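Undergrad: Can you read through this structure? Questions will come right after.
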Amino acid sequence: MGGTRSQLSAPALFVAATDALRDALADLRSDVSIREIPAPSRIAPFAFALAGGLTEDDEAASGRFVLLFDPDGQDAWEGTSRVVCYARASVDPEVADDPLLPGVAWSWLRESLQSHGAQVRALGGTVTTTSSRRFGVLAADGDNFDVELRCSWSPAWASPDWASLASASPASAVPGGSDPVLASPGGVTDPGPGWDPLDAAAHLHSFADLLAAMAGLPPRLSGVVPLPARRA
């Protein structure tokens, strides 16, 4: 598919979504820290990536949030965009052995999305528990027990109905030599009627709450039961 294209050629909807995600970084819960990282290439024509973890201990829980964008849309995505999410957390041995853990971890994701009003389609993923035993000179470091969640979903704001807006004309120079802006088919510099930056921000807030729940932090959301925090 080729590498990720230049931001200057990006459609209006992708630019609006990434701007909303960047703005949302300042409003996240204080116990989770998320930053922008280089986006993966060769996965989609356009991509935007973030990495996060606990503010005080990113070894306890960490993850990645990637927004993929294809102006032509993809059938499997049911639209023009796909969010790919990875999250992991360290757990106690008895928690890792609990057969209910995968289902509970999946419920953290669903509850976080629902509580923030993040509307999604084609949600899917896997939950994996792993254990690492250390021997010899490494035995003093102790064993590791982790739960990992890998998932993806299509945001509702990137449905097939957005196809005509998503393929908006590339950036065009603004008179006077200022930075280029992106124009939609009608010459408008926003992604179209009905767009709300909060719809994109909701997905990032959901990711932050997912990391917190996996780390055992007290929930901010009603109905979300966090994992017991791992003992030191």
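Identifiers in the structure tokens: chain A, B, ... in order shown; residue index from 1 per chain; ligand index from 1 in order shown.
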As a short mmCIF file (atom, residue, chain, number, x, y, z; two decimals) with N, CA, C and O atoms, in the first residue's frame, please: every residue in range 14-192 of chain A that a backbone DSSP assignment puts in strand (DSSP E).
TA:
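That gives us selection-v8.cif:
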data_model
loop_
_atom_site.label_atom_id
_atom_site.label_comp_id
_atom_site.auth_asym_id
_atom_site.auth_seq_id
_atom_site.Cartn_x
_atom_site.Cartn_y
_atom_site.Cartn_z
N VAL A 32 -3.18 9.06 33.80
CA VAL A 32 -2.77 8.42 32.56
C VAL A 32 -2.10 9.46 31.67
O VAL A 32 -2.60 10.56 31.51
N SER A 33 -0.95 9.11 31.13
CA SER A 33 -0.20 10.01 30.26
C SER A 33 -0.13 9.42 28.85
O SER A 33 0.28 8.26 28.68
N ILE A 34 -0.52 10.22 27.86
CA ILE A 34 -0.53 9.76 26.47
C ILE A 34 0.18 10.79 25.61
O ILE A 34 -0.01 12.00 25.78
N ARG A 35 0.99 10.32 24.67
CA ARG A 35 1.78 11.21 23.81
C ARG A 35 1.71 10.73 22.36
O ARG A 35 1.47 9.54 22.10
N GLU A 36 1.97 11.63 21.45
CA GLU A 36 2.00 11.28 20.03
C GLU A 36 3.33 10.63 19.69
O GLU A 36 4.38 11.03 20.19
N ILE A 37 3.28 9.61 18.84
CA ILE A 37 4.47 8.89 18.39
C ILE A 37 4.42 8.77 16.88
O ILE A 37 3.37 9.01 16.26
N PHE A 46 -3.14 6.94 5.35
CA PHE A 46 -2.90 7.93 6.38
C PHE A 46 -3.02 7.25 7.74
O PHE A 46 -3.86 6.37 7.93
N ALA A 47 -2.18 7.68 8.69
CA ALA A 47 -2.22 7.09 10.03
C ALA A 47 -1.75 8.10 11.06
O ALA A 47 -0.97 9.01 10.77
N PHE A 48 -2.24 7.92 12.28
CA PHE A 48 -1.91 8.78 13.41
C PHE A 48 -1.79 7.87 14.63
O PHE A 48 -2.64 7.02 14.86
N ALA A 49 -0.72 8.04 15.42
CA ALA A 49 -0.47 7.10 16.51
C ALA A 49 -0.17 7.80 17.82
O ALA A 49 0.45 8.87 17.85
N LEU A 50 -0.61 7.16 18.90
CA LEU A 50 -0.38 7.64 20.26
C LEU A 50 0.08 6.46 21.11
O LEU A 50 -0.31 5.31 20.85
N ALA A 51 0.88 6.75 22.13
CA ALA A 51 1.29 5.74 23.10
C ALA A 51 1.01 6.27 24.49
O ALA A 51 1.12 7.48 24.73
N GLY A 52 0.62 5.38 25.39
CA GLY A 52 0.26 5.84 26.73
C GLY A 52 0.61 4.85 27.80
O GLY A 52 0.96 3.70 27.55
N GLY A 53 0.52 5.33 29.03
CA GLY A 53 0.77 4.51 30.19
C GLY A 53 0.38 5.27 31.44
O GLY A 53 -0.12 6.40 31.36
N LEU A 54 0.58 4.66 32.58
CA LEU A 54 0.30 5.36 33.82
C LEU A 54 1.30 6.50 34.01
O LEU A 54 2.48 6.37 33.71
N ALA A 61 1.04 -0.46 33.34
CA ALA A 61 0.08 -0.56 32.24
C ALA A 61 0.52 0.37 31.12
O ALA A 61 0.98 1.49 31.38
N SER A 62 0.41 -0.08 29.89
CA SER A 62 0.81 0.74 28.75
C SER A 62 0.02 0.29 27.54
O SER A 62 -0.62 -0.77 27.54
N GLY A 63 0.08 1.10 26.49
CA GLY A 63 -0.65 0.72 25.29
C GLY A 63 -0.41 1.68 24.15
O GLY A 63 0.29 2.68 24.28
N ARG A 64 -1.05 1.38 23.01
CA ARG A 64 -0.97 2.21 21.82
C ARG A 64 -2.36 2.39 21.23
O ARG A 64 -3.21 1.49 21.31
N PHE A 65 -2.55 3.53 20.63
CA PHE A 65 -3.82 3.90 19.99
C PHE A 65 -3.47 4.43 18.61
O PHE A 65 -2.75 5.42 18.49
N VAL A 66 -3.94 3.76 17.56
CA VAL A 66 -3.59 4.14 16.20
C VAL A 66 -4.87 4.37 15.39
O VAL A 66 -5.77 3.52 15.38
N LEU A 67 -4.94 5.52 14.74
CA LEU A 67 -6.05 5.83 13.84
C LEU A 67 -5.57 5.64 12.41
O LEU A 67 -4.63 6.31 11.96
N LEU A 68 -6.20 4.72 11.69
CA LEU A 68 -5.90 4.47 10.28
C LEU A 68 -6.98 5.13 9.43
O LEU A 68 -8.15 5.16 9.81
N PHE A 69 -6.59 5.63 8.25
CA PHE A 69 -7.54 6.31 7.39
C PHE A 69 -7.28 5.97 5.93
O PHE A 69 -6.16 6.07 5.45
N ASP A 70 -8.33 5.56 5.24
CA ASP A 70 -8.27 5.26 3.81
C ASP A 70 -9.42 6.00 3.13
O ASP A 70 -10.58 5.65 3.34
N PRO A 71 -9.14 7.04 2.33
CA PRO A 71 -10.22 7.82 1.70
C PRO A 71 -11.16 6.97 0.86
O PRO A 71 -12.34 7.33 0.71
N ASP A 72 -10.67 5.85 0.33
CA ASP A 72 -11.51 4.98 -0.49
C ASP A 72 -12.36 4.04 0.35
O ASP A 72 -13.23 3.35 -0.18
N GLY A 73 -12.09 3.97 1.64
CA GLY A 73 -12.81 3.06 2.51
C GLY A 73 -12.35 1.62 2.32
O GLY A 73 -11.73 1.28 1.31
N GLN A 74 -12.64 0.79 3.29
CA GLN A 74 -12.35 -0.64 3.21
C GLN A 74 -13.57 -1.40 3.71
O GLN A 74 -14.17 -1.03 4.71
N GLY A 79 -16.19 1.53 6.43
CA GLY A 79 -16.02 2.97 6.39
C GLY A 79 -14.61 3.35 6.00
O GLY A 79 -13.87 2.55 5.42
N THR A 80 -14.23 4.56 6.33
CA THR A 80 -12.94 5.10 5.92
C THR A 80 -11.87 5.04 7.00
O THR A 80 -10.71 5.29 6.71
N SER A 81 -12.25 4.74 8.26
CA SER A 81 -11.28 4.79 9.36
C SER A 81 -11.37 3.54 10.22
O SER A 81 -12.41 2.90 10.32
N ARG A 82 -10.25 3.26 10.86
CA ARG A 82 -10.18 2.14 11.79
C ARG A 82 -9.27 2.53 12.94
O ARG A 82 -8.16 3.06 12.73
N VAL A 83 -9.70 2.30 14.16
CA VAL A 83 -8.87 2.48 15.34
C VAL A 83 -8.31 1.13 15.74
O VAL A 83 -9.06 0.15 15.89
N VAL A 84 -7.00 1.06 15.89
CA VAL A 84 -6.33 -0.16 16.34
C VAL A 84 -5.74 0.13 17.71
O VAL A 84 -5.02 1.11 17.91
N CYS A 85 -6.05 -0.72 18.67
CA CYS A 85 -5.70 -0.46 20.06
C CYS A 85 -4.99 -1.67 20.67
O CYS A 85 -5.39 -2.82 20.43
N TYR A 86 -3.95 -1.39 21.43
CA TYR A 86 -3.25 -2.42 22.19
C TYR A 86 -3.06 -1.91 23.61
O TYR A 86 -2.69 -0.75 23.83
N ALA A 87 -3.33 -2.76 24.59
CA ALA A 87 -3.15 -2.39 26.00
C ALA A 87 -2.69 -3.61 26.78
O ALA A 87 -3.17 -4.72 26.55
N ARG A 88 -1.76 -3.38 27.71
CA ARG A 88 -1.28 -4.47 28.56
C ARG A 88 -1.10 -3.97 29.98
O ARG A 88 -0.87 -2.78 30.22
N ALA A 89 -1.19 -4.91 30.92
CA ALA A 89 -1.00 -4.56 32.32
C ALA A 89 -0.44 -5.76 33.06
O ALA A 89 -0.72 -6.92 32.73
N SER A 90 0.37 -5.49 34.08
CA SER A 90 0.87 -6.54 34.95
C SER A 90 -0.18 -6.91 35.98
O SER A 90 -0.88 -6.03 36.50
N VAL A 120 -19.24 2.95 17.82
CA VAL A 120 -18.33 2.14 17.02
C VAL A 120 -19.11 1.11 16.20
O VAL A 120 -20.25 0.78 16.50
N ARG A 121 -18.42 0.60 15.18
CA ARG A 121 -18.93 -0.52 14.38
C ARG A 121 -17.81 -1.54 14.23
O ARG A 121 -16.63 -1.21 14.34
N ALA A 122 -18.20 -2.77 13.94
CA ALA A 122 -17.24 -3.84 13.65
C ALA A 122 -16.16 -3.94 14.73
O ALA A 122 -14.97 -4.03 14.43
N LEU A 123 -16.58 -3.95 15.99
CA LEU A 123 -15.64 -4.07 17.10
C LEU A 123 -15.20 -5.52 17.25
O LEU A 123 -16.01 -6.44 17.26
N GLY A 124 -13.90 -5.73 17.36
CA GLY A 124 -13.38 -7.08 17.54
C GLY A 124 -12.03 -7.05 18.21
O GLY A 124 -11.33 -6.02 18.19
N GLY A 125 -11.64 -8.17 18.82
CA GLY A 125 -10.33 -8.20 19.47
C GLY A 125 -10.07 -9.49 20.21
O GLY A 125 -10.90 -10.41 20.21
N THR A 126 -8.92 -9.55 20.84
CA THR A 126 -8.52 -10.72 21.61
C THR A 126 -7.93 -10.28 22.95
O THR A 126 -7.36 -9.20 23.06
N VAL A 127 -8.10 -11.14 23.95
CA VAL A 127 -7.48 -10.91 25.26
C VAL A 127 -6.58 -12.11 25.55
O VAL A 127 -7.01 -13.27 25.43
N THR A 128 -5.33 -11.84 25.92
CA THR A 128 -4.35 -12.89 26.16
C THR A 128 -3.72 -12.70 27.53
O THR A 128 -3.36 -11.58 27.90
N THR A 129 -3.60 -13.78 28.27
CA THR A 129 -2.87 -13.74 29.53
C THR A 129 -1.56 -14.50 29.34
O THR A 129 -1.52 -15.56 28.73
N THR A 130 -0.47 -13.93 29.85
CA THR A 130 0.85 -14.54 29.68
C THR A 130 1.57 -14.62 31.02
O THR A 130 1.33 -13.82 31.92
N SER A 131 2.46 -15.59 31.14
CA SER A 131 3.29 -15.71 32.33
C SER A 131 4.73 -15.95 31.89
O SER A 131 4.98 -16.71 30.95
N SER A 132 5.65 -15.28 32.56
CA SER A 132 7.07 -15.43 32.25
C SER A 132 7.80 -15.84 33.51
O SER A 132 7.82 -15.10 34.51
N ASN A 144 6.77 -12.66 35.80
CA ASN A 144 5.86 -11.67 35.25
C ASN A 144 4.55 -12.33 34.82
O ASN A 144 4.55 -13.41 34.23
N PHE A 145 3.45 -11.65 35.12
CA PHE A 145 2.12 -12.12 34.71
C PHE A 145 1.39 -10.92 34.11
O PHE A 145 1.25 -9.88 34.77
N ASP A 146 0.97 -11.04 32.86
CA ASP A 146 0.38 -9.92 32.15
C ASP A 146 -0.95 -10.30 31.52
O ASP A 146 -1.21 -11.47 31.22
N VAL A 147 -1.78 -9.29 31.33
CA VAL A 147 -2.98 -9.42 30.52
C VAL A 147 -2.84 -8.44 29.37
O VAL A 147 -2.46 -7.28 29.57
N GLU A 148 -3.10 -8.89 28.15
CA GLU A 148 -2.97 -8.06 26.96
C GLU A 148 -4.28 -8.05 26.19
O GLU A 148 -4.92 -9.09 26.02
N LEU A 149 -4.67 -6.88 25.74
CA LEU A 149 -5.87 -6.72 24.93
C LEU A 149 -5.48 -6.09 23.61
O LEU A 149 -4.87 -5.02 23.58
N ARG A 150 -5.80 -6.76 22.52
CA ARG A 150 -5.60 -6.24 21.17
C ARG A 150 -6.96 -6.15 20.50
O ARG A 150 -7.68 -7.15 20.42
N CYS A 151 -7.29 -4.97 20.01
CA CYS A 151 -8.63 -4.81 19.45
C CYS A 151 -8.62 -3.72 18.39
O CYS A 151 -7.65 -2.98 18.22
N SER A 152 -9.72 -3.65 17.66
CA SER A 152 -9.89 -2.60 16.67
C SER A 152 -11.38 -2.36 16.48
O SER A 152 -12.20 -3.23 16.74
N TRP A 153 -11.70 -1.16 16.02
CA TRP A 153 -13.09 -0.80 15.76
C TRP A 153 -13.14 0.35 14.75
O TRP A 153 -12.14 1.04 14.52
N SER A 154 -14.30 0.53 14.16
CA SER A 154 -14.50 1.62 13.21
C SER A 154 -15.35 2.69 13.88
O SER A 154 -16.47 2.41 14.31
N PRO A 155 -14.83 3.92 13.97
CA PRO A 155 -15.63 5.00 14.58
C PRO A 155 -16.82 5.35 13.70
O PRO A 155 -16.73 5.36 12.47
N ALA A 171 -4.84 19.52 0.19
CA ALA A 171 -4.55 20.87 0.69
C ALA A 171 -4.33 21.84 -0.46
O ALA A 171 -3.72 21.52 -1.46
N SER A 172 -4.85 23.04 -0.29
CA SER A 172 -4.64 24.10 -1.27
C SER A 172 -4.10 25.31 -0.54
O SER A 172 -4.50 25.59 0.58
N ALA A 173 -3.18 26.02 -1.17
CA ALA A 173 -2.52 27.13 -0.49
C ALA A 173 -3.48 28.28 -0.24
O ALA A 173 -4.34 28.58 -1.06
N VAL A 174 -3.31 28.88 0.92
CA VAL A 174 -4.12 30.03 1.28
C VAL A 174 -3.43 31.29 0.78
O VAL A 174 -2.21 31.43 0.93
N SER A 178 0.12 31.78 3.88
CA SER A 178 -0.08 31.13 5.17
C SER A 178 -0.13 29.63 4.99
O SER A 178 -0.04 29.11 3.88
N ASP A 179 -0.27 28.92 6.10
CA ASP A 179 -0.29 27.47 6.02
C ASP A 179 -1.45 26.99 5.17
O ASP A 179 -2.51 27.61 5.14
N PRO A 180 -1.28 25.84 4.49
CA PRO A 180 -2.36 25.32 3.67
C PRO A 180 -3.52 24.84 4.53
O PRO A 180 -3.36 24.44 5.67
N VAL A 181 -4.72 24.89 3.95
CA VAL A 181 -5.90 24.36 4.61
C VAL A 181 -6.48 23.29 3.72
O VAL A 181 -6.16 23.20 2.54
N LEU A 182 -7.33 22.47 4.28
CA LEU A 182 -7.94 21.39 3.53
C LEU A 182 -9.37 21.76 3.17
O LEU A 182 -10.12 22.21 4.03
#
Undergrad: Which one of A:Ala10, A:Ala212, A:Leu204, A:Ala39 sits closest to Asp23 in chain A if you count only C-alpha atoms?
TA: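 For Asp23 in chain A, the nearest of the candidates is A:Leu204.
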Undergrad: One decimal, Å: what's the distance from CA of Val91 in chain A over to CA of Asp27 in chain A, could you say?
TA: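 Calculated distance between CA of Val91 in chain A and CA of Asp27 in chain A is 27.7 Å.
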Undergrad: One number please: CA of Ser112 in chain A to CA of Ala215 in chain A, in Å, one decimal.
TA: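 Between CA of Ser112 in chain A and CA of Ala215 in chain A the gap is 14.1 Å.
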Undergrad: Between CA of Ala16 in chain A and CA of Asp196 in chain A, what is the distance, to one decimal in Å?
TA: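 These atoms are spaced 9.2 Å apart.
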Undergrad: So which one's closest to Ala24 in chain A, A:Ala201, A:Ala208, A:Met214, A:Leu109? Using only C-alpha atoms, please.
TA: A:Ala201
Undergrad: Mind listing the alpha helix (DSSP H) residues of range 2-119 of chain A, per DSSP on the backbone, as a PyMOL selection string?
TA: chain A and resi 12-24+93-96+101-115
Undergrad: Using only C-alpha atoms, which protein or nucleic acid residues come within 9 Å of Gly142 in chain A? Drop anything in the same chain fewer than 5 positions from it, and give the result as number ranges by chain.
TA: A: 133-135
Undergrad: List as a PDB file with N, CA and C atoms, in the first residue's frame the protein and nucleic acid residues near Trp108 in chain A, meaning an atom at most 7 Å away when only C-alpha atoms are counted, but skip any in the same chain fewer than 2 places from it.
TA:
ATOM      1  N   VAL A 104     -13.628 -10.241  31.561  1.00  0.00           N
ATOM      2  CA  VAL A 104     -13.670  -9.004  32.333  1.00  0.00           C
ATOM      3  C   VAL A 104     -12.880  -7.911  31.616  1.00  0.00           C
ATOM      4  N   ALA A 105     -11.701  -8.255  31.092  1.00  0.00           N
ATOM      5  CA  ALA A 105     -10.890  -7.270  30.373  1.00  0.00           C
ATOM      6  C   ALA A 105     -11.630  -6.742  29.150  1.00  0.00           C
ATOM      7  N   TRP A 106     -12.333  -7.619  28.450  1.00  0.00           N
ATOM      8  CA  TRP A 106     -13.111  -7.166  27.291  1.00  0.00           C
ATOM      9  C   TRP A 106     -14.244  -6.239  27.730  1.00  0.00           C
ATOM     10  N   ARG A 110     -15.518  -2.304  26.433  1.00  0.00           N
ATOM     11  CA  ARG A 110     -16.889  -1.977  26.020  1.00  0.00           C
ATOM     12  C   ARG A 110     -17.507  -0.923  26.937  1.00  0.00           C
ATOM     13  N   GLU A 111     -17.290  -1.061  28.230  1.00  0.00           N
ATOM     14  CA  GLU A 111     -17.850  -0.092  29.170  1.00  0.00           C
ATOM     15  C   GLU A 111     -17.219   1.293  28.984  1.00  0.00           C
ATOM     16  N   SER A 112     -15.923   1.325  28.723  1.00  0.00           N
ATOM     17  CA  SER A 112     -15.255   2.606  28.522  1.00  0.00           C
ATOM     18  C   SER A 112     -15.793   3.311  27.279  1.00  0.00           C
ATOM     19  N   LEU A 210      -9.476   2.665  29.711  1.00  0.00           N
ATOM     20  CA  LEU A 210      -9.129   1.254  29.585  1.00  0.00           C
ATOM     21  C   LEU A 210      -7.788   0.975  30.256  1.00  0.00           C
ATOM     22  N   ALA A 213      -8.255   1.083  34.057  1.00  0.00           N
ATOM     23  CA  ALA A 213      -8.955  -0.092  34.585  1.00  0.00           C
ATOM     24  C   ALA A 213      -8.041  -1.309  34.608  1.00  0.00           C
ATOM     25  N   VAL A 224     -17.894   0.398  35.898  1.00  0.00           N
ATOM     26  CA  VAL A 224     -16.636  -0.233  35.518  1.00  0.00           C
ATOM     27  C   VAL A 224     -15.919  -0.712  36.761  1.00  0.00           C
TER      28      VAL A 224
END
